[in-house]
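See below for the structure under consideration.
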Amino acid sequence: MRVKLSSFLATAALLVAASAAACSSTKNEAVAPVAGPDGDAGADATVDPASYPVVTIGAEMQRTGDPAKGYRALVNEPYVPCGIPLTAYSQVYPTVAAKDVIPGREGKNANLAYNFTSMTTKDGVDLVTSNCLTCHAGRINGKLVVGLGAADSDFTNDAASQIQTTGFVGALLTDPKERAEWTKWKERVDTVAPYSVLSTRGPNPADGFTAVLFAHHDPKTMAWSSTPLMAVPPPADVPVDVPPWWRMKKKTSMFYVGAGRGDHARIMMTASILCTSSVDESRAIDAYFGDIRAWIASLDAPAYPFTIDHALADRGKPVFDATCSRCHGTYGAGAQYPNRLISTEEIGTDPILASGTAEFAGPFVDWFKNSFFGDVARLEPQKGYVAPPLDGIWATAPYLHNGSVPTLAALLDSTKRPKYWTRSFVDTDYDQVGVGWNFTTLDHGKDAETVDKTKRALYDTTRLGYANAGHTFGDALSDDDRAAVIEYLKTL
Ligand code: HEC
Ligand code: HEC
């Protein structure tokens with residue numbers, strides 16, 4: 001029961017990822033060409049690299065906010081304002097484990113795990129709601145880091161078992177007001193549950209959520225409709241590795257495909273539409289999201305906790321600057337980050353997220369434009385991926401937007417990338433040499449695996465959306481230079 005409820009709650013929290021999903025619906029259009037040829041030494045040899053367009057995403061004004069107030073709001077305010085009555089929750093989780101406690105929690109939140117937030121409704125019902133940290137707090141080497149993407153999530157449970165669990169928790173409730181809250185939450189969660197399932201443990205099922213949540217809200221009034229008001233694409237198995245928040249200090253857009261434009265705070269708060277039903281409710285939440293964005297944009301990456309060979313790292317810097325910095329920027333004194341979006345043709349990594357649900361995206365981009373969110377923000381999905389800032393890259397394995405490559409050593413030598421692999425999901429099982437997660441290479445893919453648990457933990461790069469191809473810029477480096485670059489990356 002405990003395990004089931006927890007995965008069910010995680011699913012609910014997942015639905016919070018409206019913002020995440022937003023980015024995965026994409027328009028089927030080529031990256032807008034911007035002036036200037038570009039020499040891409042590491043790219044596909046059959047295409048003249050000079051023909052690739054250079055796309056830079058320019059900065060737009062962001063609301064000012066108070067980072068300290070933002071952290072307080074992030075960990076205490078109920079911005080996803082529906083959930084499970086506290087009476088039912090505390091029967092299952094009477095106490096909070098020490099490993100799940102984070103600083104700054106006030107009132108009833110002090111007794112909840114970091115990824116749950118308490119609220120009291122107008123009718124006086126105490127609820128436990130989900131928050132951003134289910135996906136945006138991760139464990140590494142025994143530490144829970146707020147802002148690191150959770151890389152050990154398990155979204156492989158099927159919707160039917162989740163819905164059964166819903167019924168079980170509902171049966172714990174007798175008070176009619178509590179039952180009413182429960183029924184509201186259950187309807188929302190049941191609506192999106194089919195879109196919350198992936199074949200593989202680790203990545204996040206971002207694609208599809210927003211589509212569903214948008215479709216069930218009137219964009220003008222934000223009123224919830226039990227039936228969809230527009231056509232919704234079918235559920236898809238599209239894996240996304242949750243990016244770390246500290247990148248937002250440098251990034252001018254949100255999401256891998258650069259979709260989130262304009263006021264980032266407004267886009268971040270789309271997560272609340274799992275529960276909201278009116279513009280007034282959204283406006284009240286938006287009022288403090290400028291502070292939350294300010295906190296997120298103030299974050300620095302955590303320092304590499306193990307030994308660094310500084311002489312070797314110093315040798316790596318010029319190699320990195322010559323081979324990688326035109327996309328990923330420079331670090332240290334005079335650091336610069338170019339905010340470049342690289343087309344799927346040029347980068348060659350799995351194109352599914354970027355090309356995505358091309359035929360469906362238009363109406364959802366329009367929904368956003370016509371809604372409260374569209375007043376100050378826009379969705380502009382591109383057929384490419386932003387080259388991310390590499391600060392704290394040591395902590396963010398597995399690599400690439402779909403989490404298909406377990407270590408930096410494998411990322412920078414494509415011949416070393418495992419086709420079928422698995423890992424322990426133990427946060428101390430860290431590879432200081434390869435830099436990333438220790439992994440086991442398997443000789444077979446998902447279809448040939450008969451043990452269910454092993455199958456779910458098996459990353460099969462031959463599956464649609466899960467490919468580990470492309471980004472071959474490290475292949476041409478000598479082994480010495482590659483080792484030096486990896487050492488340098490530890491210092492970022
Ligand atoms: C269920 C998991 C989940 C929840 C809950 C969630 N997110 Fe995300 N978030 C993601 C994923 C996955 C992405 C990456 C999506 C992509 O780029 O395709 C993302 C992307 C982001 C980004 C952009 C990062 C970048 O480098 O572009 C920000 C900022 C962000 N989320 C903030 C939030 C905030 C604030 C909340 C809570 C209000 C929240 N998220 C809730 C999963 C989640
Ligand atoms: C032409 C531009 C370009 C060049 C040159 C380039 N990269 Fe990248 N890099 C990207 C893009 C775009 C992505 C994101 C691809 C994706 O997620 O599918 C990426 C992803 C990465 C990632 C994974 C980030 C993550 O969140 O998982 C690392 C690490 C990285 N690059 C390191 C390097 C290093 C080191 C070099 C030089 C040897 C380099 N890159 C050269 C564009 C580039």
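How things are named: the first chain in the structure tokens is A, the next is B, and so on; residues count from 1 in each chain; ligands count from 1 in the order shown.
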Find the residues near ligand 2. Use a cut-off of 8 Å, count only C-alpha atoms and all ligand atoms, and write them as a PDB file with C-alpha atoms, in the first residue's frame.
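The file below, out_10.pdb, is the result:
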```pdb
ATOM      1  CA  ASP A  40      30.844  22.538 -37.184  1.00  0.00           C
ATOM      2  CA  ALA A  41      33.869  20.291 -37.029  1.00  0.00           C
ATOM      3  CA  GLY A  42      32.164  17.447 -35.173  1.00  0.00           C
ATOM      4  CA  ALA A  43      28.943  17.306 -37.178  1.00  0.00           C
ATOM      5  CA  ASP A 241      15.596  13.833 -18.262  1.00  0.00           C
ATOM      6  CA  PRO A 243      17.119  19.478 -16.213  1.00  0.00           C
ATOM      7  CA  TYR A 256      15.114  21.629 -24.086  1.00  0.00           C
ATOM      8  CA  VAL A 319      40.584  21.996 -25.596  1.00  0.00           C
ATOM      9  CA  PHE A 320      37.073  22.688 -24.348  1.00  0.00           C
ATOM     10  CA  THR A 323      35.879  22.397 -29.373  1.00  0.00           C
ATOM     11  CA  CYS A 324      32.825  23.036 -27.242  1.00  0.00           C
ATOM     12  CA  SER A 325      32.514  26.661 -26.164  1.00  0.00           C
ATOM     13  CA  ARG A 326      30.900  28.053 -29.313  1.00  0.00           C
ATOM     14  CA  CYS A 327      27.776  26.140 -28.256  1.00  0.00           C
ATOM     15  CA  HIS A 328      28.175  25.734 -24.482  1.00  0.00           C
ATOM     16  CA  ARG A 340      22.261  28.675 -28.930  1.00  0.00           C
ATOM     17  CA  LEU A 341      19.557  26.402 -30.297  1.00  0.00           C
ATOM     18  CA  ILE A 342      20.937  23.620 -32.514  1.00  0.00           C
ATOM     19  CA  SER A 343      18.684  22.025 -35.119  1.00  0.00           C
ATOM     20  CA  GLU A 346      22.944  19.332 -36.828  1.00  0.00           C
ATOM     21  CA  ILE A 347      22.959  17.835 -33.333  1.00  0.00           C
ATOM     22  CA  GLY A 348      21.788  14.375 -34.440  1.00  0.00           C
ATOM     23  CA  THR A 349      20.427  13.377 -31.018  1.00  0.00           C
ATOM     24  CA  ASP A 350      17.032  11.701 -30.747  1.00  0.00           C
ATOM     25  CA  PRO A 351      14.638  13.985 -32.657  1.00  0.00           C
ATOM     26  CA  GLY A 384      16.165  21.658 -32.216  1.00  0.00           C
ATOM     27  CA  TYR A 385      17.737  21.560 -28.764  1.00  0.00           C
ATOM     28  CA  VAL A 386      19.307  24.335 -26.716  1.00  0.00           C
ATOM     29  CA  ALA A 387      22.994  23.650 -25.981  1.00  0.00           C
ATOM     30  CA  PRO A 388      22.762  23.890 -22.181  1.00  0.00           C
ATOM     31  CA  PRO A 389      25.141  25.644 -19.792  1.00  0.00           C
ATOM     32  CA  LEU A 390      27.414  22.908 -18.383  1.00  0.00           C
ATOM     33  CA  ILE A 393      27.240  18.859 -15.250  1.00  0.00           C
ATOM     34  CA  THR A 396      23.193  15.704 -13.835  1.00  0.00           C
ATOM     35  CA  ALA A 397      23.773  12.249 -15.313  1.00  0.00           C
ATOM     36  CA  PRO A 398      22.370  10.550 -17.300  1.00  0.00           C
ATOM     37  CA  TYR A 399      23.076  12.819 -20.267  1.00  0.00           C
ATOM     38  CA  LEU A 400      21.206  14.227 -23.264  1.00  0.00           C
ATOM     39  CA  HIS A 401      17.596  15.389 -23.120  1.00  0.00           C
ATOM     40  CA  ASN A 402      16.326  11.811 -22.964  1.00  0.00           C
ATOM     41  CA  GLY A 403      18.882  10.589 -20.405  1.00  0.00           C
ATOM     42  CA  LEU A 408      30.411  11.938 -19.687  1.00  0.00           C
ATOM     43  CA  LEU A 411      28.939  11.034 -24.180  1.00  0.00           C
ATOM     44  CA  LEU A 412      32.329  12.253 -25.413  1.00  0.00           C
ATOM     45  CA  GLY A 470      24.392  12.293 -32.266  1.00  0.00           C
ATOM     46  CA  HIS A 471      26.480  14.886 -30.394  1.00  0.00           C
ATOM     47  CA  THR A 472      29.704  13.310 -31.651  1.00  0.00           C
ATOM     48  CA  PHE A 473      31.848  16.401 -30.947  1.00  0.00           C
ATOM     49  CA  GLY A 474      34.080  14.481 -28.525  1.00  0.00           C
ATOM     50  CA  ASP A 475      34.872  11.610 -30.899  1.00  0.00           C
ATOM     51  CA  LEU A 477      39.597  14.167 -29.503  1.00  0.00           C
ATOM     52  CA  ARG A 482      39.165  13.754 -23.829  1.00  0.00           C
ATOM     53  CA  VAL A 485      38.123  17.827 -20.994  1.00  0.00           C
ATOM     54  CA  ILE A 486      36.268  15.482 -18.632  1.00  0.00           C
ATOM     55  CA  LEU A 489      34.034  19.589 -16.777  1.00  0.00           C
TER      56      LEU A 489
END
```
Near-Lys99 in chain A list (10 Å; only C-alpha atoms; drop same-chain fewer than 5 positions) as a VMD selection string | chain A and resid 113 to 114 139 142 to 144
Name the closest residue to Asp291 in chain A among the candidates A:Val257, A:Leu442, A:Ala265, A:Leu464; distances are taken between atoms, counting only C-alpha atoms.
-> A:Ala265
Proximity of range 64-177 of chain A to range 199-212 of chain A: per-residue shortest pair, 6 Å limit, only C-alpha atoms, as CSV:
```
residue,atom,partner,partner_atom,distance
A:Ala151,CA,A:Gly202,CA,5.3
A:Asp152,CA,A:Gly202,CA,4.8
A:Ser153,CA,A:Gly202,CA,5.1
A:Asp154,CA,A:Arg201,CA,4.7
A:Thr156,CA,A:Ser199,CA,5.5
```
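Distance annotation: of A:Arg378, A:Arg261, A:His216, A:Arg105, the residue with the minimal separation from ligand 1 is A:Arg261; atom set is only C-alpha atoms and all ligand atoms.
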Enumerate the residues of range 259-445 of chain A with a DSSP assignment of strand (DSSP E), computed from the backbone, and present them as a list in words.
->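 Those residues are Gly260, Arg261, Gly262, Arg340, Leu341, Ile342, Ser343, Ala377, Arg378, Leu379, Gly384, Tyr385, Val386, Tyr420, Trp421, Thr422, Tyr430, Asp431, Gly436, Trp437, Thr440 and Thr441 of chain A.
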Write out as a PyMOL selection string all residues of range 188-431 of chain A that backbone DSSP assigns to alpha helix (DSSP H).
-> chain A and resi 188-192+209-215+264-268+279-298+310-323+325-328+344-347+352-355+358-370+408-411
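Proximity of A:Gly356, A:Gly260, A:Pro244, A:Gly374 to Gly149 in chain A, computed with only C-alpha atoms, is greatest for A:Pro244.
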